[in-house]
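Here the structure is laid out as structure tokens; the discussion comes afterwards.
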Number of protein chains: 2
Amino acid sequence: MSQPLKVAIAGLGTVGGGTVKLLRAGAERNAQRCGRAVVLSAVAERDSTRLAALPIGDAAVFTDAARMAAEADYDVLVELIGGANGIAKTICERAISARRHVVTANKAMLAHHGTELARAAEGAEVSLRYEAAVAGGIPIIKALREGLAANAISSLYGILNGTSNYILTTMRKTGRPFEDVLAEAQRLGYAEADPSFDVDGIDAAHKLTILASVAFGCATDFESVHIEGIRHVSPLDIEFANDLGYRIKLLGIARMTEVGIERRVHPCMVPIGTPIAHVDGVFNAVVVSGDFVETTMYEGRGAGERPTASAVVADILDIACDRGVPTLGVPVGSLRRIPAAPMEKVRNCFYVRLMVVDRPGVFADIATALGEHGVSMESVLQRSRAPGEAVPVVLTTHDTEEGALARALERISNLGTVLETPRIIRIAALDGQV
Amino acid sequence: MSQPLKVAIAGLGTVGGGTVKLLRAGAERNAQRCGRAVVLSAVAERDSTRLAALPIGDAAVFTDAARMAAEADYDVLVELIGGANGIAKTICERAISARRHVVTANKAMLAHHGTELARAAEGAEVSLRYEAAVAGGIPIIKALREGLAANAISSLYGILNGTSNYILTTMRKTGRPFEDVLAEAQRLGYAEADPSFDVDGIDAAHKLTILASVAFGCATDFESVHIEGIRHVSPLDIEFANDLGYRIKLLGIARMTEVGIERRVHPCMVPIGTPIAHVDGVFNAVVVSGDFVETTMYEGRGAGERPTASAVVADILDIACDRGVPTLGVPVGSLRRIPAAPMEKVRNCFYVRLMVVDRPGVFADIATALGEHGVSMESVLQRSRAPGEAVPVVLTTHDTEEGALARALERISNLGTVLETPRIIRIAALDGQV
């Protein structure tokens, strides 16, 4: 047997606590798998009640993570503090420069500084692993970086934020509005006090940034992600979607196109018959298409103490077994430079909800505006009649460019008979059968 | 850059041809990922027309695979000939004893000789990899052996044979009987001239044997798999299943129980609302539950030139990148000795279809026989009436032991009013939400 692998964990919150428990529960199995023991050598945590509740054995205890990173005896730093910058980034950089491996669940840090950290890890010849940063326990980073490594990936999309998916699922099942369901999710602990990262699509965009980088072998580029959240999705939209044969999901989508890489997070209508439409509640799912493997799908719990700990410890075991892989799938020097596809060039079918005055000629004006901008209508739906009053009207378009629709909608918004800002939801043109 | 990795492929059929094409298409990417080139150094194929159609470059050409294994210059032998014994096993053993790595898609060989080959590979300190042997392009072996390595796996189940799934899907959609759909599948090339491996569950049992071994860290044990195929599934069963809220799928199931490991392949009724129920046609899917990750699902194409080649080349890249892993997840010396759970102790709910004479008192006799053997009935369904004549009757049971139901059905078969052998289909008690 080789020397034990010494692990230092910074942050014993939900995921850190789960990781400590799993390292303890799987100690014997881990030693068999890797031919060496994996031992907890140090932890950093300010909250002493958390410490007391966990089987940390004789690990050295620090209250200051920076001090642990600098002084403790460890081979792998497990960073579970979070935040794109600050202490999390400081200790990762510190560990790397001291030629220690790093395992992290920190999607914000990787989305903003992934390439920079990858370069540092490569220079120091250490591993930087982050399976837990995307889709909880689903081994999607491993699937992309190793399992599908032989493929040219053409696209991926997924449900990457469990909180949003829980809210959308509950809205559909109960017919209640967003604010209501969000408040309940906060009471139940499914949503944070500040829900913005989850419901405004930022968390999903962090994860999409990482997935796109690994899938296409290019730098992490958070700035080029188009981000919309779910605050504007109304019960009315969910009802109309159902009538049209769709479910509304917050998707992260990355596609390789002729004009560059699309990276976008937004609510999306997906056909009820597709597997992704049935991924409800806090579950995550990712669908990946490659030139040889065609389409594959991965589904599981996207968060939580135990599923996320499963991903953290899998990364630790890969390090213990000396299974190396470049941080972003290829060495930083081989990352491809592919432009971001401009959002106005992205093509989709659209669902458009308008509030209009129910009056003869309204449809004609709308249809004319669309036609003048080259947008071809597929269907119009007005479910109630109230002559002279405001009624919701829904139309769907054929495949069209974002830019053309935006110009048509600007024109339509200025019609005197159109009363509110038009709401759009893209209709998924998803690759593959899965 | 390190030395190129030299690959010798035995068998240029569908998968071998795809592998040659993918190695060529991905040459640049592969070199970047692994820091070394992956080159085709030799091929063995008797059919010269196959050779002529493939970009084999300056690879040495052999007509005899054994000779290639003995004489060619290679680091990795890719065995794509097939068959549990014979030339396939001979060349794998030969390569291993010469300290060459082996990649294979040969599920029959691994199901029958997996532990023996794993021991040999371990002794020679080489890799034996077989991602392509199970579920085509889905990286399920990697997920089990590495991605979920931190977990104690409690169960897995899956649709592991695309041909059977295609036949069952087509039977459901068209209402046509098994023989009819099988003949069509044979004409279309979806089923072999001798369809037994696919439709009698043997192929699925090979794959299940491998999955169970890796999931539970025990020896490959094909002999203990209970195997039933789909020949007895009738359009009537499919119709009744639909009425009861189920789809019929041929599942491979492996579960860790208190009395040992269950390994079984048989048609199964799965609730229409579950994701596995929607895996249609030639797709495969595997659902895995572990103590920390909870339930995860993996779906994709289970066969075909390109998806299977994706898995073969992923294995080659793992070798090129020097990512080692014990063949069965743990060293052979650490494999657990866990007894096989006897099939008569396996618990399920059951669907039972009887052909009975439509006469007062028949139900009472059947119910008595069930009750006497401790089998509790959940529902009875007789859809047509024909007094004095034969009619199909379907009953479902509550959770019961196989053995108890078998004894009850023996008694029922002997009733004068029961005309044919009762047909049973197990109703899935599937773990997890996915």
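Identifiers in the structure tokens: chain A, B, ... in order shown; residue index from 1 per chain; ligand index from 1 in order shown.
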
Can you give me chain A superposed onto chain B, least-squares on all Cα in order, written as a short mmCIF file (atom, residue, chain, number, x, y, z; two decimals) with C-alpha atoms, in the first residue's frame?
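Writing done, so here's part_1.cif:
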```cif
data_model
loop_
_atom_site.label_atom_id
_atom_site.label_comp_id
_atom_site.auth_asym_id
_atom_site.auth_seq_id
_atom_site.Cartn_x
_atom_site.Cartn_y
_atom_site.Cartn_z
CA MET A 1 4.90 14.68 -25.71
CA SER A 2 5.22 11.05 -24.69
CA GLN A 3 5.50 8.11 -27.05
CA PRO A 4 2.43 7.46 -29.21
CA LEU A 5 0.02 4.80 -27.94
CA LYS A 6 -0.14 1.98 -30.49
CA VAL A 7 -3.53 0.34 -30.96
CA ALA A 8 -4.22 -3.01 -32.64
CA ILE A 9 -7.83 -3.83 -33.50
CA ALA A 10 -9.07 -7.41 -33.93
CA GLY A 11 -12.28 -7.48 -35.93
CA LEU A 12 -13.40 -4.72 -38.30
CA GLY A 13 -17.13 -5.36 -38.25
CA THR A 14 -19.61 -2.68 -37.29
CA VAL A 15 -17.93 -1.58 -34.07
CA GLY A 16 -14.38 -2.12 -35.34
CA GLY A 17 -15.10 -0.04 -38.42
CA GLY A 18 -16.57 2.74 -36.27
CA THR A 19 -13.53 2.64 -34.01
CA VAL A 20 -11.12 3.02 -36.94
CA LYS A 21 -13.12 5.99 -38.23
CA LEU A 22 -13.30 7.66 -34.83
CA LEU A 23 -9.59 7.21 -34.13
CA ARG A 24 -8.93 8.93 -37.43
CA ALA A 25 -11.54 11.70 -36.96
CA GLY A 26 -10.41 12.51 -33.42
CA ALA A 27 -6.63 12.16 -33.88
CA GLU A 28 -5.78 15.77 -33.14
CA ARG A 29 -8.20 16.07 -30.20
CA ASN A 30 -6.93 12.80 -28.73
CA ALA A 31 -3.33 13.95 -28.84
CA GLN A 32 -4.30 17.16 -27.02
CA ARG A 33 -6.31 15.35 -24.37
CA CYS A 34 -3.62 12.80 -23.59
CA GLY A 35 -0.41 14.59 -24.41
CA ARG A 36 0.48 11.79 -26.81
CA ALA A 37 -0.74 10.54 -30.16
CA VAL A 38 -3.01 7.51 -30.40
CA VAL A 39 -2.15 5.58 -33.57
CA LEU A 40 -3.57 2.52 -35.26
CA SER A 41 -0.64 0.14 -35.60
CA ALA A 42 -2.35 -3.10 -36.68
CA VAL A 43 -5.68 -4.60 -37.66
CA ALA A 44 -6.88 -8.17 -38.04
CA GLU A 45 -9.73 -8.88 -40.42
CA ARG A 46 -10.44 -11.66 -42.89
CA ASP A 47 -12.80 -9.71 -45.10
CA SER A 48 -10.67 -7.61 -47.45
CA THR A 49 -13.65 -5.53 -48.66
CA ARG A 50 -14.08 -4.25 -45.12
CA LEU A 51 -10.44 -3.27 -45.01
CA ALA A 52 -10.65 -1.41 -48.28
CA ALA A 53 -13.48 0.78 -47.01
CA LEU A 54 -11.68 1.99 -43.88
CA PRO A 55 -8.99 4.64 -43.26
CA ILE A 56 -6.47 2.25 -41.71
CA GLY A 57 -3.47 4.27 -42.89
CA ASP A 58 -0.23 2.35 -42.63
CA ALA A 59 -1.46 -0.10 -39.97
CA ALA A 60 -0.12 -3.63 -40.37
CA VAL A 61 -2.81 -5.90 -41.76
CA PHE A 62 -3.37 -9.43 -40.49
CA THR A 63 -6.01 -11.92 -41.51
CA ASP A 64 -5.41 -13.95 -38.37
CA ALA A 65 -6.19 -12.21 -35.06
CA ALA A 66 -4.09 -14.67 -33.06
CA ARG A 67 -1.12 -13.92 -35.24
CA MET A 68 -1.69 -10.18 -34.83
CA ALA A 69 -1.89 -10.56 -31.04
CA ALA A 70 1.40 -12.47 -31.09
CA GLU A 71 3.39 -10.57 -33.70
CA ALA A 72 2.15 -7.03 -34.10
CA ASP A 73 3.66 -3.99 -32.44
CA TYR A 74 1.00 -2.59 -30.09
CA ASP A 75 0.32 -1.26 -26.59
CA VAL A 76 -3.43 -1.90 -26.56
CA LEU A 77 -5.34 -4.79 -28.07
CA VAL A 78 -8.91 -3.89 -28.99
CA GLU A 79 -10.90 -7.12 -29.15
CA LEU A 80 -14.07 -6.75 -31.25
CA ILE A 81 -14.54 -10.31 -32.47
CA GLY A 82 -16.98 -11.48 -29.82
CA GLY A 83 -17.93 -14.81 -28.31
CA ALA A 84 -17.45 -15.98 -24.74
CA ASN A 85 -14.59 -18.30 -25.63
CA GLY A 86 -12.55 -19.13 -28.69
CA ILE A 87 -10.31 -16.69 -30.49
CA ALA A 88 -11.58 -13.63 -28.58
CA LYS A 89 -10.54 -15.02 -25.22
CA THR A 90 -7.32 -16.45 -26.60
CA ILE A 91 -6.07 -13.14 -27.94
CA CYS A 92 -7.08 -11.22 -24.81
CA GLU A 93 -5.15 -13.67 -22.66
CA ARG A 94 -2.24 -13.53 -25.03
CA ALA A 95 -2.14 -9.73 -24.98
CA ILE A 96 -2.41 -9.60 -21.20
CA SER A 97 0.34 -12.13 -20.68
CA ALA A 98 2.52 -10.02 -22.99
CA ARG A 99 1.69 -7.05 -20.69
CA ARG A 100 -0.45 -5.26 -23.20
CA HIS A 101 -3.65 -3.44 -22.26
CA VAL A 102 -6.96 -4.79 -23.52
CA VAL A 103 -10.14 -2.97 -24.55
CA THR A 104 -13.13 -5.09 -25.46
CA ALA A 105 -16.84 -4.86 -26.20
CA ASN A 106 -17.29 -8.55 -25.46
CA LYS A 107 -20.01 -8.91 -22.82
CA ALA A 108 -20.29 -12.69 -23.16
CA MET A 109 -16.60 -13.18 -22.46
CA LEU A 110 -16.67 -10.85 -19.47
CA ALA A 111 -19.88 -12.35 -18.06
CA HIS A 112 -18.36 -15.84 -18.18
CA HIS A 113 -14.68 -15.09 -17.50
CA GLY A 114 -14.59 -11.56 -16.08
CA THR A 115 -13.01 -12.40 -12.75
CA GLU A 116 -10.41 -14.68 -14.31
CA LEU A 117 -9.44 -12.04 -16.88
CA ALA A 118 -9.40 -9.33 -14.20
CA ARG A 119 -6.99 -11.43 -12.15
CA ALA A 120 -4.73 -11.91 -15.17
CA ALA A 121 -4.76 -8.18 -15.99
CA GLU A 122 -3.99 -7.31 -12.39
CA GLY A 123 -1.08 -9.75 -12.32
CA ALA A 124 0.33 -8.28 -15.52
CA GLU A 125 -0.32 -4.72 -14.29
CA VAL A 126 -2.29 -3.80 -17.40
CA SER A 127 -5.76 -2.33 -17.94
CA LEU A 128 -8.72 -4.42 -19.05
CA ARG A 129 -11.49 -2.02 -20.08
CA TYR A 130 -14.97 -2.74 -21.43
CA GLU A 131 -17.16 0.38 -21.47
CA ALA A 132 -18.55 -0.71 -24.85
CA ALA A 133 -19.74 -4.06 -23.48
CA VAL A 134 -22.68 -2.52 -21.64
CA ALA A 135 -25.23 0.00 -22.93
CA GLY A 136 -23.30 1.15 -26.02
CA GLY A 137 -22.18 4.75 -25.80
CA ILE A 138 -23.50 5.44 -22.29
CA PRO A 139 -20.48 5.72 -19.98
CA ILE A 140 -22.14 3.56 -17.32
CA ILE A 141 -19.08 1.48 -16.39
CA LYS A 142 -17.14 4.67 -15.74
CA ALA A 143 -20.04 6.07 -13.75
CA LEU A 144 -20.18 2.97 -11.54
CA ARG A 145 -16.47 2.34 -11.23
CA GLU A 146 -15.36 5.95 -10.74
CA GLY A 147 -18.18 8.52 -10.73
CA LEU A 148 -20.21 6.78 -8.01
CA ALA A 149 -17.20 5.05 -6.43
CA ALA A 150 -17.79 6.71 -3.06
CA ASN A 151 -21.18 5.01 -2.64
CA ALA A 152 -22.39 1.70 -1.34
CA ILE A 153 -24.63 0.77 -4.28
CA SER A 154 -27.93 -0.76 -3.19
CA SER A 155 -29.51 -1.55 -6.54
CA LEU A 156 -29.48 -0.98 -10.26
CA TYR A 157 -31.86 -1.80 -13.04
CA GLY A 158 -32.02 -1.05 -16.69
CA ILE A 159 -33.12 -1.61 -20.23
CA LEU A 160 -30.00 -3.35 -21.51
CA ASN A 161 -31.07 -4.86 -24.83
CA GLY A 162 -32.15 -2.54 -27.61
CA THR A 163 -33.59 -5.29 -29.84
CA SER A 164 -36.01 -6.49 -27.17
CA ASN A 165 -36.97 -2.95 -26.32
CA TYR A 166 -37.58 -2.19 -29.98
CA ILE A 167 -39.80 -5.26 -30.29
CA LEU A 168 -41.80 -4.47 -27.13
CA THR A 169 -42.19 -0.84 -28.19
CA THR A 170 -43.39 -1.84 -31.65
CA MET A 171 -45.78 -4.45 -30.22
CA ARG A 172 -47.32 -1.77 -28.01
CA LYS A 173 -47.61 0.79 -30.77
CA THR A 174 -49.04 -1.58 -33.38
CA GLY A 175 -50.83 -4.24 -31.32
CA ARG A 176 -49.08 -6.93 -33.38
CA PRO A 177 -47.84 -10.21 -31.86
CA PHE A 178 -44.22 -11.02 -30.97
CA GLU A 179 -43.43 -13.36 -33.91
CA ASP A 180 -44.64 -10.79 -36.39
CA VAL A 181 -42.63 -7.92 -35.01
CA LEU A 182 -39.55 -10.10 -34.60
CA ALA A 183 -39.71 -11.15 -38.25
CA GLU A 184 -39.96 -7.53 -39.29
CA ALA A 185 -37.05 -6.55 -37.03
CA GLN A 186 -34.99 -9.30 -38.66
CA ARG A 187 -35.84 -8.00 -42.13
CA LEU A 188 -34.84 -4.48 -41.04
CA GLY A 189 -31.56 -5.69 -39.57
CA TYR A 190 -32.50 -4.78 -35.97
CA ALA A 191 -32.52 -8.44 -34.93
CA GLU A 192 -30.14 -11.26 -35.76
CA ALA A 193 -31.10 -14.32 -37.81
CA ASP A 194 -30.75 -16.26 -34.55
CA PRO A 195 -32.50 -13.83 -32.20
CA SER A 196 -32.13 -15.93 -29.07
CA PHE A 197 -29.41 -13.90 -27.35
CA ASP A 198 -31.54 -10.78 -27.63
CA VAL A 199 -35.11 -11.94 -27.12
CA ASP A 200 -34.42 -14.68 -24.58
CA GLY A 201 -32.65 -12.27 -22.25
CA ILE A 202 -29.16 -13.74 -22.55
CA ASP A 203 -27.50 -10.61 -23.89
CA ALA A 204 -29.13 -8.54 -21.14
CA ALA A 205 -27.99 -11.13 -18.58
CA HIS A 206 -24.39 -10.83 -19.80
CA LYS A 207 -24.55 -7.08 -19.31
CA LEU A 208 -26.31 -7.37 -15.96
CA THR A 209 -23.61 -9.77 -14.76
CA ILE A 210 -20.96 -7.15 -15.50
CA LEU A 211 -22.93 -4.28 -13.96
CA ALA A 212 -23.69 -6.25 -10.77
CA SER A 213 -20.05 -7.19 -10.35
CA VAL A 214 -18.83 -3.60 -10.67
CA ALA A 215 -21.68 -2.15 -8.60
CA PHE A 216 -21.31 -4.51 -5.66
CA GLY A 217 -17.61 -5.30 -5.92
CA CYS A 218 -18.08 -9.04 -6.26
CA ALA A 219 -17.06 -11.68 -8.81
CA THR A 220 -18.81 -11.92 -12.17
CA ASP A 221 -21.45 -14.60 -11.67
CA PHE A 222 -23.46 -15.28 -14.80
CA GLU A 223 -24.73 -18.62 -13.50
CA SER A 224 -26.76 -17.00 -10.74
CA VAL A 225 -28.73 -14.71 -13.06
CA HIS A 226 -32.40 -15.66 -13.36
CA ILE A 227 -33.21 -15.19 -17.05
CA GLU A 228 -36.54 -14.86 -18.82
CA GLY A 229 -37.02 -13.33 -22.27
CA ILE A 230 -39.92 -11.68 -24.02
CA ARG A 231 -41.29 -14.49 -26.21
CA HIS A 232 -44.26 -15.02 -23.90
CA VAL A 233 -45.30 -11.38 -23.76
CA SER A 234 -48.55 -11.11 -25.72
CA PRO A 235 -50.41 -8.12 -27.14
CA LEU A 236 -53.08 -8.94 -24.56
CA ASP A 237 -50.55 -8.49 -21.73
CA ILE A 238 -49.45 -5.17 -23.19
CA GLU A 239 -53.06 -4.03 -23.35
CA PHE A 240 -53.83 -5.14 -19.79
CA ALA A 241 -50.61 -3.46 -18.62
CA ASN A 242 -51.72 -0.21 -20.20
CA ASP A 243 -55.11 -0.45 -18.48
CA LEU A 244 -53.35 -0.99 -15.17
CA GLY A 245 -51.03 2.01 -15.74
CA TYR A 246 -47.89 0.17 -16.78
CA ARG A 247 -45.48 -0.37 -19.67
CA ILE A 248 -43.81 -3.75 -20.15
CA LYS A 249 -40.00 -3.56 -20.37
CA LEU A 250 -37.33 -6.25 -20.37
CA LEU A 251 -35.29 -5.23 -17.35
CA GLY A 252 -32.02 -6.38 -15.88
CA ILE A 253 -32.20 -5.93 -12.12
CA ALA A 254 -29.51 -6.36 -9.46
CA ARG A 255 -30.26 -5.70 -5.80
CA MET A 256 -28.36 -6.09 -2.57
CA THR A 257 -30.71 -7.69 -0.04
CA GLU A 258 -30.40 -9.22 3.40
CA VAL A 259 -30.28 -12.71 1.92
CA GLY A 260 -27.76 -11.91 -0.82
CA ILE A 261 -27.58 -10.37 -4.27
CA GLU A 262 -30.54 -10.64 -6.61
CA ARG A 263 -29.58 -10.84 -10.28
CA ARG A 264 -32.46 -11.22 -12.69
CA VAL A 265 -33.54 -10.45 -16.23
CA HIS A 266 -37.24 -10.65 -17.03
CA PRO A 267 -40.13 -8.66 -18.48
CA CYS A 268 -41.35 -6.19 -15.93
CA MET A 269 -44.30 -3.83 -15.62
CA VAL A 270 -43.07 -0.31 -14.85
CA PRO A 271 -45.43 2.56 -13.91
CA ILE A 272 -46.18 4.78 -16.90
CA GLY A 273 -45.14 7.90 -14.94
CA THR A 274 -41.52 6.75 -14.44
CA PRO A 275 -38.71 7.84 -16.79
CA ILE A 276 -37.74 4.24 -17.57
CA ALA A 277 -41.23 3.64 -18.98
CA HIS A 278 -40.51 6.24 -21.67
CA VAL A 279 -37.25 4.71 -22.87
CA ASP A 280 -38.48 3.37 -26.20
CA GLY A 281 -37.09 1.74 -29.30
CA VAL A 282 -33.39 0.89 -29.43
CA PHE A 283 -32.48 3.13 -26.50
CA ASN A 284 -30.92 1.76 -23.31
CA ALA A 285 -31.14 3.21 -19.81
CA VAL A 286 -29.65 2.29 -16.46
CA VAL A 287 -30.87 3.51 -13.06
CA VAL A 288 -28.41 3.25 -10.17
CA SER A 289 -29.10 3.88 -6.48
CA GLY A 290 -26.37 4.42 -3.91
CA ASP A 291 -26.43 5.35 -0.24
CA PHE A 292 -25.18 8.91 -0.77
CA VAL A 293 -25.95 9.80 -4.37
CA GLU A 294 -29.49 8.36 -4.07
CA THR A 295 -30.88 7.61 -7.54
CA THR A 296 -29.27 8.52 -10.86
CA MET A 297 -30.23 7.57 -14.40
CA TYR A 298 -28.19 7.22 -17.60
CA GLU A 299 -29.76 6.97 -21.03
CA GLY A 300 -28.57 6.72 -24.62
CA ARG A 301 -28.11 4.51 -27.64
CA GLY A 302 -27.31 0.98 -26.56
CA ALA A 303 -25.73 -0.22 -29.78
CA GLY A 304 -24.64 0.78 -33.25
CA GLU A 305 -21.37 1.54 -34.97
CA ARG A 306 -20.82 5.08 -33.78
CA PRO A 307 -22.13 5.03 -30.17
CA THR A 308 -20.25 1.82 -29.42
CA ALA A 309 -17.07 3.19 -31.03
CA SER A 310 -17.43 6.23 -28.75
CA ALA A 311 -17.14 3.89 -25.75
CA VAL A 312 -14.24 1.90 -27.22
CA VAL A 313 -12.20 5.03 -27.91
CA ALA A 314 -13.01 6.49 -24.48
CA ASP A 315 -11.38 3.38 -23.00
CA ILE A 316 -8.37 3.78 -25.29
CA LEU A 317 -8.03 7.42 -24.20
CA ASP A 318 -8.15 6.44 -20.52
CA ILE A 319 -5.24 4.11 -21.21
CA ALA A 320 -3.39 6.76 -23.24
CA CYS A 321 -3.84 9.18 -20.31
CA ASP A 322 -2.69 6.53 -17.86
CA ARG A 323 -5.90 6.60 -15.83
CA GLY A 324 -5.87 3.24 -14.11
CA VAL A 325 -8.75 1.51 -12.36
CA PRO A 326 -9.11 -2.07 -11.13
CA THR A 327 -11.01 -4.11 -13.73
CA LEU A 328 -13.99 -4.77 -11.47
CA GLY A 329 -13.66 -1.59 -9.42
CA VAL A 330 -11.63 -3.19 -6.61
CA PRO A 331 -8.64 -5.55 -6.82
CA VAL A 332 -9.66 -9.18 -7.33
CA GLY A 333 -8.37 -10.04 -3.85
CA SER A 334 -10.82 -7.53 -2.35
CA LEU A 335 -13.92 -8.79 -4.19
CA ARG A 336 -16.69 -9.46 -1.69
CA ARG A 337 -18.14 -12.93 -1.30
CA ILE A 338 -21.86 -12.38 -1.10
CA PRO A 339 -24.27 -15.23 -1.75
CA ALA A 340 -26.79 -15.05 -4.57
CA ALA A 341 -30.31 -14.49 -3.26
CA PRO A 342 -32.42 -17.52 -4.20
CA MET A 343 -35.05 -16.59 -6.77
CA GLU A 344 -37.86 -18.17 -4.76
CA LYS A 345 -37.18 -15.67 -1.98
CA VAL A 346 -37.38 -12.63 -4.26
CA ARG A 347 -40.38 -10.43 -3.47
CA ASN A 348 -42.49 -8.67 -6.04
CA CYS A 349 -46.03 -7.72 -6.86
CA PHE A 350 -47.26 -9.86 -9.74
CA TYR A 351 -49.49 -9.67 -12.75
CA VAL A 352 -51.01 -13.09 -13.46
CA ARG A 353 -52.96 -13.88 -16.64
CA LEU A 354 -55.15 -16.96 -16.62
CA MET A 355 -57.38 -18.48 -19.26
CA VAL A 356 -60.43 -19.73 -17.39
CA VAL A 357 -63.88 -21.11 -18.13
CA ASP A 358 -66.35 -18.32 -17.46
CA ARG A 359 -68.41 -20.08 -14.81
CA PRO A 360 -69.66 -19.15 -11.31
CA GLY A 361 -67.24 -20.26 -8.58
CA VAL A 362 -64.07 -20.00 -10.67
CA PHE A 363 -62.86 -16.89 -8.89
CA ALA A 364 -63.57 -18.44 -5.53
CA ASP A 365 -61.38 -21.45 -6.34
CA ILE A 366 -58.55 -19.22 -7.53
CA ALA A 367 -58.81 -16.89 -4.56
CA THR A 368 -58.81 -19.85 -2.19
CA ALA A 369 -55.66 -21.31 -3.75
CA LEU A 370 -53.88 -17.98 -3.48
CA GLY A 371 -55.00 -17.44 0.08
CA GLU A 372 -53.86 -20.87 1.17
CA HIS A 373 -50.35 -20.03 0.00
CA GLY A 374 -50.34 -16.65 1.66
CA VAL A 375 -50.65 -14.68 -1.58
CA SER A 376 -52.78 -11.57 -1.18
CA MET A 377 -54.72 -10.42 -4.26
CA GLU A 378 -54.81 -6.73 -5.15
CA SER A 379 -57.20 -6.70 -8.12
CA VAL A 380 -59.01 -8.93 -10.59
CA LEU A 381 -59.84 -7.93 -14.13
CA GLN A 382 -62.15 -9.81 -16.48
CA ARG A 383 -62.91 -7.63 -19.44
CA SER A 384 -65.24 -9.82 -21.47
CA ARG A 385 -68.04 -12.24 -20.57
CA ALA A 386 -68.71 -15.55 -22.36
CA PRO A 387 -70.60 -17.89 -19.99
CA GLY A 388 -69.28 -21.44 -20.22
CA GLU A 389 -66.44 -20.48 -22.55
CA ALA A 390 -62.75 -19.55 -22.12
CA VAL A 391 -61.98 -15.96 -21.18
CA PRO A 392 -58.76 -14.25 -20.05
CA VAL A 393 -58.70 -13.11 -16.46
CA VAL A 394 -55.97 -10.97 -15.02
CA LEU A 395 -55.18 -10.59 -11.38
CA THR A 396 -52.54 -8.60 -9.57
CA THR A 397 -51.07 -9.51 -6.21
CA HIS A 398 -49.65 -7.56 -3.33
CA ASP A 399 -45.96 -8.00 -2.53
CA THR A 400 -45.26 -11.73 -2.28
CA GLU A 401 -42.44 -14.25 -2.48
CA GLU A 402 -41.79 -15.94 -5.84
CA GLY A 403 -41.93 -19.35 -4.16
CA ALA A 404 -45.35 -18.79 -2.60
CA LEU A 405 -46.83 -17.60 -5.87
CA ALA A 406 -45.32 -20.53 -7.76
CA ARG A 407 -46.93 -22.99 -5.36
CA ALA A 408 -50.28 -21.24 -5.58
CA LEU A 409 -50.10 -21.21 -9.40
CA GLU A 410 -49.27 -24.91 -9.50
CA ARG A 411 -52.44 -25.54 -7.56
CA ILE A 412 -54.41 -23.16 -9.78
CA SER A 413 -53.11 -24.81 -12.97
CA ASN A 414 -54.65 -28.06 -11.78
CA LEU A 415 -58.11 -26.58 -11.43
CA GLY A 416 -60.35 -27.98 -14.17
CA THR A 417 -61.56 -24.48 -15.02
CA VAL A 418 -58.07 -23.15 -15.75
CA LEU A 419 -57.15 -23.95 -19.32
CA GLU A 420 -53.61 -22.78 -20.06
CA THR A 421 -50.36 -22.34 -18.17
CA PRO A 422 -50.73 -19.14 -16.13
CA ARG A 423 -48.51 -16.33 -17.39
CA ILE A 424 -46.86 -14.06 -14.87
CA ILE A 425 -45.15 -10.71 -15.27
CA ARG A 426 -43.49 -9.08 -12.28
CA ILE A 427 -44.54 -5.57 -11.37
CA ALA A 428 -41.54 -3.41 -10.63
CA ALA A 429 -40.94 -2.27 -7.10
CA LEU A 430 -38.24 0.09 -8.29
CA ASP A 431 -36.05 2.06 -5.93
CA GLY A 432 -35.79 5.79 -6.14
CA GLN A 433 -37.63 8.66 -7.73
CA VAL A 434 -35.94 8.67 -11.10
#
```

_Secondary structure check, helix (DSSP H, G or I) residues of range 144-225 of chain B, as a VMD selection string_ = chain B and resid 144 to 147 162 to 174 178 to 188 196 to 199 202 to 216 222 to 224

*Would you please extract all strand (DSSP E or B) residues from range 272-434 of chain A, as assigned by DSSP on the backbone, and give them as a PyMOL selection string?*
chain A and resi 283-290+294-301+336+340+347-357+377-381+390-397+400-401+418+423-427
